[in-house]
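Heads up, the thing below is written out as structure tokens.
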Number of protein chains: 2
Amino acid sequence: MLPEYRVMTTMGPMTQIPGRVRTVIERVYPSIDCGRFPIKRVTGESVTVRADVFADGHDRVRCVLADRAPGRQSWTEREMRFVDNDRWEGSFSVDTLGEHAYTVCAWVDHFGGWRDGLSKKVKAGLEVSLELLTGANLVAAAAERALRTGSAAPLGNEAPHTGRKTRRSEAARLTELAKRLADENKTAEQRIDLALSNELRDLALRYPDRSRESRLDKPLWVRVDPERAGFSSWYEMFPRSTSSTAGKHGTFRDCERLLPYVSEMGFDVLYLPPVHPIGTTKRKGRNNTLTPTPDDPGSPWAIGSPEGGHTAIDPRLGNAEDFESLVRRAGEHGLDMALDIAFQCSPDHPWVSEHPEWFTIRPDGSVQFAENPPKKYEDIYPINFETDDWENLWRALRDVFRHWLKAGVKIFRVDNPHTKSFAFWEWVIAELKRDYPEAVFLSEAFTRPKVMYRLAKLGFTQSYTYFTWRNNATEMRAYLEELTTTEAMEFFRPNFWPNTPDILHADLQQGGRPAFIARVVLAATLSSNYGIYGPAFELLQNTPRESGSEEYLDSEKYEIKVWNRDDPDSLRPIIAKLNYARREHEALQRNDTLRFHSTDNPEIMAYSKHSPDLDCIVFVVVSFDYQHAQSGWVEFGPSKLGVRSTNQYMVYDLLAEEGYRWQDGWNYVELRPTNAPAHVFRVVPLDRDDDQSEAAW
Amino acid sequence: MLPEYRVMTTMGPMTQIPGRVRTVIERVYPSIDCGRFPIKRVTGESVTVRADVFADGHDRVRCVLADRAPGRQSWTEREMRFVDNDRWEGSFSVDTLGEHAYTVCAWVDHFGGWRDGLSKKVKAGLEVSLELLTGANLVAAAAERALRTGSAAPLGNEAPHTGRKTRRSEAARLTELAKRLADENKTAEQRIDLALSNELRDLALRYPDRSRESRLDKPLWVRVDPERAGFSSWYEMFPRSTSSTAGKHGTFRDCERLLPYVSEMGFDVLYLPPVHPIGTTKRKGRNNTLTPTPDDPGSPWAIGSPEGGHTAIDPRLGNAEDFESLVRRAGEHGLDMALDIAFQCSPDHPWVSEHPEWFTIRPDGSVQFAENPPKKYEDIYPINFETDDWENLWRALRDVFRHWLKAGVKIFRVDNPHTKSFAFWEWVIAELKRDYPEAVFLSEAFTRPKVMYRLAKLGFTQSYTYFTWRNNATEMRAYLEELTTTEAMEFFRPNFWPNTPDILHADLQQGGRPAFIARVVLAATLSSNYGIYGPAFELLQNTPRESGSEEYLDSEKYEIKVWNRDDPDSLRPIIAKLNYARREHEALQRNDTLRFHSTDNPEIMAYSKHSPDLDCIVFVVVSFDYQHAQSGWVEFGPSKLGVRSTNQYMVYDLLAEEGYRWQDGWNYVELRPTNAPAHVFRVVPLDRDDDQSEAAW
């Protein structure tokens with residue numbers, strides 16, 4: 001039954017009404033779901049806050065944006081700037097990991113209003129002696145506020161909080177100015193000059209009457225993440241497929257040998273599927289069959305055996321020391337290790353016997369396996385988040401993360417988070433971030449859009465997307481515009497994957513090498529976070545298990561593979577160039593400056609990204625036709641982004657390593673699948689350091 | 001100084017986390033400023049609520065829209081309908097004046113999910129005996145819930161809450177069905193048939209497990225106003241200009257004589273500027289001069305004299321009995337009386353001496369007059385809403401409204417509400433509406449858009465708009481689309497005025513009769529609430545005080561006028577036709593169905609409105625060129641509004657009283673300023689009651 005909600009009282013008793021607060025603060029942006037969720041930034045970024053701020057009548061208002069860094073007690077304020085139509089704007093930057101607060105305060109500016117009115121009356125030649133006395137009173141009141149112990153520190157955009165000594169000297173000066181304003185021995189001109197002086201204005205405005213200011217009910221929040229959260233290049237590989245001996249189970253030691261391979265390709269996150277003991281009950285055979293041979297290693301996602309569960313390591317991969325060594329060595333190669341967290345259990349997982357109450361028990365006493373009727377997944381037991389013992393369950397799951405955090409893992413790719421309770425994710429990420437604010441959680445949720453967004457709001461740092469299924473210029477542009485120009489960009493950080501162990505898209509199956517190149521260029525340049533599942537990707541693996549399937553034939557999920565990483569056809573060199581371009585070009589390390597540009601050929605998509613200072617501009621042209629050459633005209637010019645340039649500029653293809661002289665407006669491009677289906681251009685306007693920029697190439 | 005906001009705790013202690021609530025309710029519409037303000041409706045209207053509702057995983061959810069009428073204790077629930085993409089929708093209607101609550105509740109539908117899964121497994125030929133036992137348990141649990149004393153009444157879309165007796169019999173039936181589901185003596189087919197039967201589904205779904213449902217933190221609210229709030233035709237007139245003897249001060253008795261004149265023109269609200277004693281200190285003379293003669297009556301907005309203030313009546317108009325008689329007689333003519341409430345005082349107002357603390361006192365002890373530097377308005381003292389005595393001030397202002405409410409006035413046109421405190425308006429309107437939910441408050445705020453919207457959110461029933469300054473088809477369309485297709489339509493009820501005593505727009509000054517007709521047609525058909533200031537309007541008064549001014553020459557604000565209401569050129573007959581059309585056509589009594597239609601001539605604007613059932617369709621064509629004939633093609637057809645019609649339909653001009661046979665698509669129109677610059681067409685599709693509709697004309 002619905003509870004009896006208290007009857008609405010639009011207003012409380014009069015004594016509780018802030019009856020003399022005259023300013024209104026509305027439509028604060030950014031603010032996710034009425035402040036229910038924080039926005040996200042990485043260290044070093046800034047937050048621009050906009051709000052409608054106004055008062056009744058014609059009085060002037062002043063408003064400040066206040067922010068408080070994680071762990072700090074005091075707030076920093078800066079005056080907001082009037083934009084237009086009662087909209088105000090201010091910015092602050094975030095430098096410390098954690099939860100950074102911000103809010104807006106506004107009040108009626110009686111001093112400023114008085115000064116304005118006086119100025120108009122003086123210009124109109126009116127007698128203003130009473131106005132001067134009014135001003136004297138206002139200034140004397142400011143002097144009192146400056147003196148008052150414990151009163152607000154004066155506003156200062158850059159200045160640190162003003163100490164007591166300064167306040168006393170400023171109070172003395174204000175008192176003196178107030179007296180002079182009221183001094184009838186002075187001429188009207190003298191007093192008016194003083195009244196309208198910058199000194200008086202600046203000083204008086206530092207001690208405003210904020211006793212009746214309005215502010216947001218609750219502060220808003222920024223979750224400040226590490227830079228890696230905003231810019232990362234992921235390489236996924238199965239550690240068991242790393243042995244150089246065919247058929248032999250790879251180990252963490254083998255992985256160490258491959259670190260140069262991965263890091264020289266320019267990746268900075270090395271992501272391993274689950275490394276835990278794999279169950280044997282109902283184990284899947286090759287190609288997901290139900291008839292495994294004794295040699296089949298099983299799926300790493302069928303987690304848990306008598307050897308242990310989510311905190312254990314499959315002994316065939318190594319032991320805890322081996323793992324920590326790998327983490328350490330990876331770090332030496334500039335690679336952060338990312339682990340897969342899949343909260344599900346094989347029937348052999350220790351939790352099944354220790355905590356049967358964490359699972360759904362069927363009427364015959366057996367544990368309910370995963371299913372998507374009529375499909376059954378009998379090697380997997382899903383966790384029942386409605387269990388009566390949910391608090392212990394949550395703690396145990398949290399402790400899985402803690403275990404790996406202690407082992408040096410700071411990045412987690414979370415498997416199917418959308419099939420676990422939302423409340424759990426919000427709780428566990430907040431719990432973990434308190435101790436490890438540098439932790440990154442990537443949500444692998446391929447599900448409905450609102451569910452994906454919700455997970456991001458709840459705390460996931462990065463998110464899988466629909467990128468893989470956006471396969472023409474129109475769809476791709478619409479999707480990117482949703483991700484980069486709506487409120488989603490405040491909380492949802494896309495991570496684009498051209499392939500995963502679960503997804504071999506038809507475009508790769510049919511488009512071959514040109515498709516592989518185009519898709520990785522799109523992923524790496526449209527999104528500052530991207531990843532590939534290798535070596536399947538760079539080795540151009542594109543055979544599906546069966547026609548119409550997105551599963552790989554002989555998928556690594558069910559067997560140990562031997563990869564010829566030195567294959568001369570490997571995309572390694574191109575991927576390395578792409579990752580190098582990403583590292584060298586600030587433009588590619590963010591998504592907020594993405595702009596699409598017109599083309600006259602619907603198969604060709606053109607877009608640019610730039611650094612905020614416009615010093616770095618990248619322009620990309622990609623063909624979605626992987627069979628035929630496509631040519632056409634694309635409209636571009638640095639002037640469109642706000643660069644004051646001459647008509648001419650250079651574009652330098654970072655993949656083909658060749659440059660062209662282009663002009664503002666329409667330029668011709670030709671993309672041949674046999675050659676390269678994409679250009680990734682560095683753009684250099686020619687009027688800035690003209691000769692040098694050409695010479696630099 | 002900023003208070004030390006409590007450090008954010010994203011989640012509270014675990015015991016406070018609703019850890020097993022799995023459903024999410026997001027993006028509820030309508031909801032103004034996160035539920036801070038109510039939406040508005042009039043009695044008889046409905047509210048359609050949409051929300052994103054989903055759970056983790058693949059489980060089904062159910063959600064209900066619950067509403068509670070003003071003064072009721074219990075909630076009525078109805079199941080919401082799935083629309084698309086996790087969006088759900090439901091509707092309720094409002095019939096009682098006051099504050100009507102609504103909210104959304106959602107829960108995981110375990111029974112429905114079980115039934116779906118079973119159905120798929122049966123289709124796939126799987127063995128389902130365990131599933132049948134699971135179902136038996138779910139059904140037995142529903143039976144228990146049906147029995148439990150004080151448990152939720154079962155859901156029923158239309159049904160009243162189910163009584164105890166029904167619940168017991170339904171519980172018994174559910175228990176029996178549960179037993180049969182589990183009965184191994186029955187064949188699998190029998191049990192499956194029962195499991196998937198409609199009877200079991202309908203009965204079990206009536207007793208869902210809602211122990212872990214989610215709901216909105218706080219209910220949302222609809223302010224339900226009287227029908228007049230949504231559909232009204234205002235006529236403003238100065239009561240002192242109603243005498244039939246030139247130079248004589250009109251009285252309420254004179255007004256009574258004019259009631260047939262106003263009501264026969266089809267108006268339903270008679271609005272009088274302030275009727276209070278007028279101050280003599282600094283009184284304004286004719287044409288707002290500072291040199292009045294002793295005979296000049298002063299501006300009715302310079303309120304208060306020794307004879308009284310905001311609750312007194314100017315003795316030259318009559319006494320309280322005369323006023324109440326006028327209110328009563330107006331009612332007999334179908335006219336609601338509206339009074340002007342202008343919270344400002346002449347220097348002679350009793351409050352100035354009784355409550356000097358309610359005003360701003362200048363350093364010389366004098367009271368601060370109104371000013372807009374360098375302009376001075378010395379006949380007006382504004383109230384200081386920052387006074388220390390604000391609580392008594394608010395009570396006194398409230399009591400002004402109460403005085404007139406007791407005298408039978410239910411409609412108030414509030415003068416310049418934007419120069420008074422927002423908090424006051426929210427409080428006073430809530431206070432008054434508690435006792436007089438039928439009261440209507442029209443906000444006369446010609447100020448910045450966000451301020452106008454704020455006043456509407458705070459409680460004003462209707463609002464003045466920028467209509468008067470939207471003077472071509474592009475501007476007008478953009479403005480109307482803002483008012484009728486954005487969130488504003490949920491709280492802002494426009495009231496369109498072609499003229500007011502303060503505003504004689506240049507278009508009327510220069511456009512003459514065709515402009516007057518076009519503007520009143522626009523006002524009366526674009527907005528369900530509109531008004532004119534007469535007889536200046538119908539008598540085509542269009543001489544400004546000076547070139548470039550919007551003030552009337554010899555404005556009635558400063559002198560008594562004698563009007564020749566029987567002038568044969570009067571627009572009375574046209575206005576009467578317009579008001580008749582508004583009364584007879586439901587389409588014109590609402591704004592939410594307004595649609596603009598294409599024309600090939602930018603001077604011509606075309607739009608339609610329709611009743612929700614499409615039985616009433618009105619199509620309007622107006623020319624903004626008041627000098628020249630304009631012709632062109634307009635694209636229209638009832639099929640565009642969703643009417644299943646043949647290609648042909650009739651349009652009947654309610655002003656010119658002539659009909660045409662039109663077809664779906666482009667039709668030719670010609671508008672001559674000398675004739676009529678507008679068509680107001682009734683539209684009748686010809687396939688519905690074909691002959692009769694033609695015959696009806």
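How things are named: the first chain in the structure tokens is A, the next is B, and so on; residues count from 1 in each chain; ligands count from 1 in the order shown.
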
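Neighbouring residues of A:Glu371 at 10 Å or closer, counting only C-alpha atoms and skipping chain neighbours under 5 positions away, are A:Lys376, A:Tyr377, A:Glu378, A:Ile380, A:Tyr381, A:Pro382, B:Gly117.
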
Taking only C-alpha atoms into account, report as a ChimeraX atom specification which residues of chain B lie within 7 Å of chain A.
/B:1,10-11,19-20,22,34,56-57,117,120-121,124,130,133-134,151-153,363,373-374,385-386,418-424,427,430

Find the residues around A:Asp322 up to 12 Å (only C-alpha atoms counted), leave out those fewer than 4 positions away in its own chain, and share them as an mmCIF file with C-alpha atoms, in the first residue's frame.
data_model
loop_
_atom_site.group_PDB
_atom_site.id
_atom_site.type_symbol
_atom_site.label_atom_id
_atom_site.label_comp_id
_atom_site.auth_asym_id
_atom_site.auth_seq_id
_atom_site.Cartn_x
_atom_site.Cartn_y
_atom_site.Cartn_z
ATOM 1 C CA THR A 251 51.298 -18.179 -17.723
ATOM 2 C CA PHE A 252 51.757 -14.751 -16.200
ATOM 3 C CA ARG A 253 55.455 -15.160 -16.958
ATOM 4 C CA ASP A 254 54.572 -15.599 -20.618
ATOM 5 C CA CYS A 255 52.491 -12.445 -20.370
ATOM 6 C CA GLU A 256 55.507 -10.577 -19.069
ATOM 7 C CA VAL A 275 42.266 -15.291 -14.080
ATOM 8 C CA ILE A 313 44.344 -17.439 -9.317
ATOM 9 C CA ASP A 314 44.135 -20.363 -11.706
ATOM 10 C CA PRO A 315 47.317 -22.267 -10.771
ATOM 11 C CA ARG A 316 47.980 -22.931 -14.455
ATOM 12 C CA LEU A 317 48.556 -19.182 -14.868
ATOM 13 C CA GLY A 318 50.814 -18.834 -11.851
ATOM 14 C CA LEU A 326 53.205 -9.034 -13.909
ATOM 15 C CA VAL A 327 51.391 -5.985 -12.548
ATOM 16 C CA ARG A 328 54.708 -4.425 -11.576
ATOM 17 C CA ARG A 329 56.455 -5.211 -14.851
ATOM 18 C CA ALA A 407 47.445 -6.584 -5.415
#

Q.
Give me the residues near stretch 464-481 of chain B as number ranges by chain, where near means some atom within 6 Å (using only C-alpha atoms) and where sequence neighbours in that chain fewer than 6 positions away do not count.
A. B: 444, 495-496, 498, 605

Return as a ChimeraX atom specification the full set of residues in stretch 379-468 of chain B whose backbone-based DSSP assignment is alpha helix (DSSP H). /B:390-406,422-435,449-458

Query - Close residues, A:Pro573 itself excluded, 9 Å, only C-alpha atoms, min 4 positions apart in chain, as a PyMOL selection string - result: chain A and resi 265+577-578

Written selection (N, CA and C atoms) as an mmCIF file, in the first residue's frame:
data_model
loop_
_atom_site.group_PDB
_atom_site.id
_atom_site.type_symbol
_atom_site.label_atom_id
_atom_site.label_comp_id
_atom_site.auth_asym_id
_atom_site.auth_seq_id
_atom_site.Cartn_x
_atom_site.Cartn_y
_atom_site.Cartn_z
ATOM 1 N N MET A 265 52.997 -1.132 -29.178
ATOM 2 C CA MET A 265 51.831 -0.762 -30.011
ATOM 3 C C MET A 265 51.173 0.503 -29.464
ATOM 4 N N LYS A 577 50.850 3.539 -34.912
ATOM 5 C CA LYS A 577 50.769 4.931 -35.382
ATOM 6 C C LYS A 577 49.568 5.649 -34.783
ATOM 7 N N LEU A 578 48.455 4.935 -34.757
ATOM 8 C CA LEU A 578 47.243 5.531 -34.191
ATOM 9 C C LEU A 578 47.451 5.893 -32.723
#
